[in-house]
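Reading through the structure tokens given below for one structure.
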Amino acid sequence: MRKFWTSLLIVTCLAMAGMSSAQITVEDRLNHQNWLETADRAEQAIDTGRASDAALESLRSEIVAFRDRFALTSKKNATRILTLQSQLNALGPVPESGIESTDIAVLREGITIRMNESRVPVVVAQEAQSRAIGLIGEIDTIIRKRNTKRLLVRGPSPLNPEYWPVAARDLRGTGHSIVNETALIAKSRIGRKELRDDIANVALLAVLGLLLLFRGRHWAELLGEFMRRFGGRDTGVWSFLVSILRVALPYLGLVALTQAVVATGLAGLRGTLLLQAVPLWCAIMMGFVWLSDQLYNQRDEDALLPVSTEYRSVARLYVRLLAVMLIAHDAIRLFAEIENVSAGSKAVVEFPVILLTSLILLGLRSIASKERAADTDKMSAAAKQAGLAMISPIISRVSTIIGILAPLLAIIGYGAAAEALIYPAVMSLALFSFVLILTRFARDLYGWLVGTRSAQDSLVPALAGFAIGLMSLPFLALIWGARVTDLAEIWSQFMNGFAIGDSRISPTDFLTFVVIFIVGYTVTRMFQKTLKNNLLPKTSLDTGGQVAVTSGVGYVGIFLAALIAVSSAGLDLSSLAIVAGALSVGIGFGLQTIVSNFVSGVILLIERPISEGDWIEVSGQMGYVRDISVRSTRIETFDRFDVIIPNADLVSGTVTNYTRGNTVGRVIVPVGVAYGTDTRWIESILLEIANAHPMVLSNPSPSVAFQGFGASSLDFEIRAILRDVNWMLSVKSDMNHEIAKRFAAEGIEIPFEQRDLWLRNPETLAGKPDQDS
């Protein structure tokens, strides 16, 4: 039925487009027919519910391929449709009366027909894409329900004695089958002939494997010494590379030995299946050996986790035993697949592995809890950067819960749930440890590149550690049962972007915007630097004008960079105009002070009532202008303190600028002499002192004013114009020194305040006579 309606939709679209063969090609028809057949098969499999997980995954992959193809097709003719739509908009709406010029009506009809023709493949693709998305969701739901059901199904208990003999018999049977197959092949003429033919390859692989297995670690150490000698100082980079080689070379040796055994041709079907799994088991073992050496190294400076020396060897043993447990679990899984054993036999064989794994986890947790309280301060910088101090208690508690819960679940028959808890927990700990090690390597690598160990604690290594942790999340999801298809679906949705109104912003668009904006911002800053250092100093502009021009160029450059980035990324922000308008009202009320300061900063840069280096006084603060930004102005006081003044205060308030335009200014030095001194004589002495100072201008010449008669002195003032008012305090100090010197030489008295005390009743001070005398 759905196929019928879909075909009808296609026919209708074709009819609307005038049956245009230029838009729907023969290849498109065939592809759509294949899609309809695949969709029908998928719906049938979903309705019956009898398809296996593998069959559903295969169907899903086919549907995903079709969906991606439809997504591309839905964007077909987008430019042409926009052009035709703009042409229709240019013609304007159809008059309400329905009567318009014949030429315009014919033109409108032709444009409409071409637009319908262009929209045919888009409409068909969008309908098929919607159907594909729905089918994918239904398949994912079925698979998730099946996985959940497997975890919650209760099976036989491993403690039931009736399953023990069966499990032992199955294990012996598997061993005997492998031995018998190998013996049978070895006795056969064909097997011996193949062995003789491949004896050279077998011997070569065996020798190479033994050399790498027993001498690989030594060769890695020699290579490390060579790298340290010729590669510069070691900040941990060479040690990290050598540690990888120490396990990689023996691993290659084990793989070579495995291939040598396979090359003999003596392994039967069961033996071949086991040998195919050996490289994976070796990788697990060597990987955990490497992790244990990195986490609990004998050298304190190389140990990543704070564990005392007496516990490190035990901790390394526990980590390596976890690898053995993972290998045993995979071997049991392979054993169950080869022999198709009963659920009871598998539960009995699997239970000791689950129990031992739980005990090992609890043992590691015990060591961690003992050492965490005593050695938290000894934790490496990489571990602190990764937040180990914060999440270590959480990991410890979760490990304890899983270590206790998993064996209990296995005992009561929920073996699948126990396996889904204990083994992912082990692999999660291994992944987290690997992230810690890579974080430390990123710090060491950055310190080696920069050349200073102190650079390891900068922002770049921290960002690298964050990126490493972020990239580990997909692997963590896979460990805990997520399917690759689930992650691919999330990634596909992420790459499709998110919709804001009628606009859709994808990561590619955002990345394009960021890259172009950064390039524009960098070019703007470089141009500003060139203006400031090379071009503007050669002009007649003062310092304030140069700063204003440089700042203005910066604002214009950043605006143009943002505009070009938006246009290049293809972001259509027209649909956000209403939202932006509504937000601007609310933001305007909340940020009106900031906006006011911003506008005031622009006014300051344009009108330039103050400039950098000016001596100003505003709001009771006096000092030199050191920086003018769009929001505030920084003033350095004479006490060498920085005062931040909002730009709005500079525009709306009263500002005194002592050095605006030039540095010429007046200094006033008050002087007092004793009554009875010749005033004209004092005037001539003070004029000589003022004219003698090098900072005092001769035109206009300094003057001396007789201010009046003070309470204790005759008051004079020296008033002089200075070449640079910034030297006012120094000039005043020099003149005071010279005045004291000249007055002392001429015998002129500088008075000080005196007070005469008159007692109204002096007899009260004499006291009363003693009555007893």
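Residues are named by chain letter and number: chains run A, B, ... in the order of the structure tokens, numbers start at 1 in each chain, and ligands are numbered from 1 in the order shown.
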
Quiz item: DSSP says strand (DSSP E or B) for which residues of stretch 393-541 of chain A? Put them as a list in words?
Solution: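 Written out, the strand (DSSP E or B) residues of stretch 393-541 of chain A are Phe498, Ala499, Ile500, Ser503, Arg504 and Ile505 of chain A.
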
Okay, now the selection with C-alpha atoms, as an mmCIF file, in the first residue's frame?
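Dumped everything to out-v7.cif:
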```cif
data_model
loop_
_atom_site.group_PDB
_atom_site.id
_atom_site.type_symbol
_atom_site.label_atom_id
_atom_site.label_comp_id
_atom_site.auth_asym_id
_atom_site.auth_seq_id
_atom_site.Cartn_x
_atom_site.Cartn_y
_atom_site.Cartn_z
ATOM 1 C CA PHE A 498 21.095 22.111 13.695
ATOM 2 C CA ALA A 499 18.245 24.280 12.530
ATOM 3 C CA ILE A 500 17.651 27.827 13.733
ATOM 4 C CA SER A 503 18.425 28.222 8.556
ATOM 5 C CA ARG A 504 20.557 25.144 9.143
ATOM 6 C CA ILE A 505 24.077 25.506 10.479
#
```

Exercise. Find the residues around A:Leu291 up to 8 Å (only C-alpha atoms counted), leave out those fewer than 3 positions away in its own chain, and share them as a ChimeraX atom specification.
Key: /A:287-288,294-295,319,430,433-434

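Here atom CA of A:Leu321 stands at a distance of 20.2 Å from atom CA of A:Val348.
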
Quiz item: Using only C-alpha atoms, which residues sit within 9 Å of A:Met427 once same-chain residues fewer than 6 positions away are excluded, as a list of chain:residue names?
Solution: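 So the residues in contact are A:Leu326, A:Leu476, A:Ile479.
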
Quiz item: Which neighbours of stretch 157-173 of chain A fall inside 7 Å, counting only C-alpha atoms, when residues of the same chain fewer than 2 positions from it are skipped, and could you give them as a ChimeraX atom specification?
Solution: /A:155,175-177,344-345,347-349,351,410-413

Exercise. Show which residues sit within 10 Å of A:Gln546, as a PyMOL selection string. Count only C-alpha atoms, and ignore same-chain residues fewer than 2 positions away.
Key: chain A and resi 531-532+535-537+539-544+548-552+611-612

Please produce a file of those selected residues containing all heavy atoms, as a CSV table (one decimal), in the first residue's frame.
```
chain,number,residue,atom,x,y,z
A,531,LEU,N,50.5,49.9,10.7
A,531,LEU,CA,50.1,51.3,10.9
A,531,LEU,C,50.7,51.9,12.1
A,531,LEU,O,51.3,53.0,12.0
A,531,LEU,CB,48.6,51.4,11.0
A,531,LEU,CG,47.7,51.3,9.7
A,531,LEU,CD1,46.3,51.4,10.1
A,531,LEU,CD2,48.1,52.4,8.7
A,532,LYS,N,50.7,51.3,13.2
A,532,LYS,CA,51.2,51.8,14.5
A,532,LYS,C,52.7,52.0,14.5
A,532,LYS,O,53.2,53.0,14.9
A,532,LYS,CB,50.7,50.9,15.6
A,532,LYS,CG,51.1,51.5,17.0
A,532,LYS,CD,50.6,50.5,18.1
A,532,LYS,CE,51.0,51.1,19.5
A,532,LYS,NZ,50.5,50.2,20.5
A,535,LEU,N,53.7,53.3,9.6
A,535,LEU,CA,53.1,54.4,8.7
A,535,LEU,C,52.8,55.6,9.5
A,535,LEU,O,53.2,56.7,9.2
A,535,LEU,CB,51.9,53.8,8.0
A,535,LEU,CG,52.1,52.7,7.1
A,535,LEU,CD1,50.8,52.2,6.4
A,535,LEU,CD2,53.1,53.1,6.0
A,536,LEU,N,52.0,55.5,10.6
A,536,LEU,CA,51.5,56.6,11.3
A,536,LEU,C,52.6,57.5,12.0
A,536,LEU,O,52.4,58.7,12.1
A,536,LEU,CB,50.5,56.2,12.4
A,536,LEU,CG,49.1,55.6,11.8
A,536,LEU,CD1,48.2,55.1,12.9
A,536,LEU,CD2,48.4,56.6,11.0
A,537,PRO,N,53.7,56.9,12.5
A,537,PRO,CA,54.7,57.7,13.1
A,537,PRO,C,55.3,58.7,12.1
A,537,PRO,O,55.9,59.7,12.5
A,537,PRO,CB,55.7,56.7,13.6
A,537,PRO,CG,55.0,55.5,13.9
A,537,PRO,CD,53.9,55.4,12.8
A,539,THR,N,53.6,60.4,9.9
A,539,THR,CA,52.6,61.5,9.6
A,539,THR,C,52.7,62.5,10.7
A,539,THR,O,53.4,62.5,11.7
A,539,THR,CB,51.2,60.9,9.6
A,539,THR,OG1,50.8,60.4,10.9
A,539,THR,CG2,51.2,59.7,8.5
A,540,SER,N,51.9,63.6,10.5
A,540,SER,CA,51.8,64.7,11.5
A,540,SER,C,50.8,64.5,12.6
A,540,SER,O,50.6,65.4,13.4
A,540,SER,CB,51.5,66.0,10.7
A,540,SER,OG,50.2,65.8,10.1
A,541,LEU,N,50.2,63.3,12.6
A,541,LEU,CA,49.2,63.0,13.7
A,541,LEU,C,49.9,62.9,15.0
A,541,LEU,O,51.0,62.3,15.1
A,541,LEU,CB,48.5,61.8,13.4
A,541,LEU,CG,47.4,61.8,12.3
A,541,LEU,CD1,46.8,60.4,12.0
A,541,LEU,CD2,46.3,62.8,12.6
A,542,ASP,N,49.3,63.4,16.1
A,542,ASP,CA,49.8,63.2,17.4
A,542,ASP,C,49.6,61.8,17.9
A,542,ASP,O,48.9,61.0,17.2
A,542,ASP,CB,49.3,64.3,18.4
A,542,ASP,CG,47.7,64.2,18.5
A,542,ASP,OD1,47.2,63.3,17.8
A,542,ASP,OD2,47.1,65.0,19.1
A,543,THR,N,50.0,61.5,19.1
A,543,THR,CA,49.9,60.2,19.6
A,543,THR,C,48.4,59.8,19.8
A,543,THR,O,48.0,58.6,19.4
A,543,THR,CB,50.6,60.1,21.0
A,543,THR,OG1,52.0,60.4,20.8
A,543,THR,CG2,50.5,58.6,21.5
A,544,GLY,N,47.6,60.7,20.2
A,544,GLY,CA,46.2,60.4,20.4
A,544,GLY,C,45.5,60.1,19.1
A,544,GLY,O,44.7,59.2,18.9
A,548,ALA,N,43.7,56.6,17.8
A,548,ALA,CA,42.3,56.6,17.3
A,548,ALA,C,42.2,56.0,15.9
A,548,ALA,O,41.3,55.2,15.7
A,548,ALA,CB,41.8,58.1,17.2
A,549,VAL,N,43.2,56.3,15.0
A,549,VAL,CA,43.1,55.7,13.7
A,549,VAL,C,43.4,54.2,13.8
A,549,VAL,O,42.7,53.4,13.2
A,549,VAL,CB,44.2,56.3,12.8
A,549,VAL,CG1,44.4,55.6,11.5
A,549,VAL,CG2,43.9,57.8,12.5
A,550,THR,N,44.3,53.7,14.6
A,550,THR,CA,44.6,52.3,14.8
A,550,THR,C,43.4,51.6,15.3
A,550,THR,O,43.0,50.5,14.9
A,550,THR,CB,45.8,52.1,15.7
A,550,THR,OG1,46.9,52.8,15.2
A,550,THR,CG2,46.2,50.6,15.8
A,551,SER,N,42.8,52.1,16.4
A,551,SER,CA,41.6,51.5,16.9
A,551,SER,C,40.4,51.4,15.9
A,551,SER,O,39.7,50.4,15.8
A,551,SER,CB,41.1,52.2,18.2
A,551,SER,OG,42.2,52.2,19.2
A,552,GLY,N,40.2,52.5,15.2
A,552,GLY,CA,39.1,52.5,14.2
A,552,GLY,C,39.3,51.5,13.1
A,552,GLY,O,38.4,50.8,12.7
A,611,SER,N,43.8,62.0,25.1
A,611,SER,CA,44.6,61.0,24.3
A,611,SER,C,45.5,60.3,25.3
A,611,SER,O,45.7,60.8,26.5
A,611,SER,CB,45.4,61.7,23.3
A,611,SER,OG,44.6,62.5,22.4
A,612,GLU,N,46.1,59.2,24.9
A,612,GLU,CA,47.0,58.5,25.7
A,612,GLU,C,48.2,59.4,26.0
A,612,GLU,O,48.8,60.1,25.1
A,612,GLU,CB,47.5,57.2,25.0
A,612,GLU,CG,46.5,56.2,24.9
A,612,GLU,CD,47.0,54.9,24.4
A,612,GLU,OE1,48.3,54.8,24.3
A,612,GLU,OE2,46.2,54.0,24.0
```

Exercise. Using only C-alpha atoms, determine which residues lie at most 8 Å from A:Val64, disregarding the query and same-chain residues fewer than 4 positions distant; provide the list as a list of chain:residue names.
Key: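 Final neighbour list, sorted by chain and number: A:Arg60, A:Asp68, A:Ala132, A:Ile136.
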
Quiz prompt | Selected residue of minimal separation from A:Ala417 among A:Arg80, A:Leu151, A:Val556, A:Gly265, counting only C-alpha atoms | solution =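 That would be A:Leu151, the residue with the smallest distance to A:Ala417.
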
Quiz item: Which parts of stretch 402-504 of chain A does DSSP call alpha helix (DSSP H) when run on the backbone here, written out as a VMD selection string?
Solution: chain A and resid 402 to 411 415 to 450 459 to 479 484 to 496

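Every protein or nucleic acid residue with an atom no more than 10 Å from A:Ser472, counting only C-alpha atoms and leaving out same-chain residues fewer than 6 positions away, appears here: Leu431, Phe432, Phe434, Val435 and Phe466 of chain A.
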
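Atom CA of A:Asp724 lies 27.3 Å from atom CA of A:Ser632.
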
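Reported to one decimal place, the separation of atom CA of A:Leu84 from atom CA of A:Val120 is 14.4 Å.
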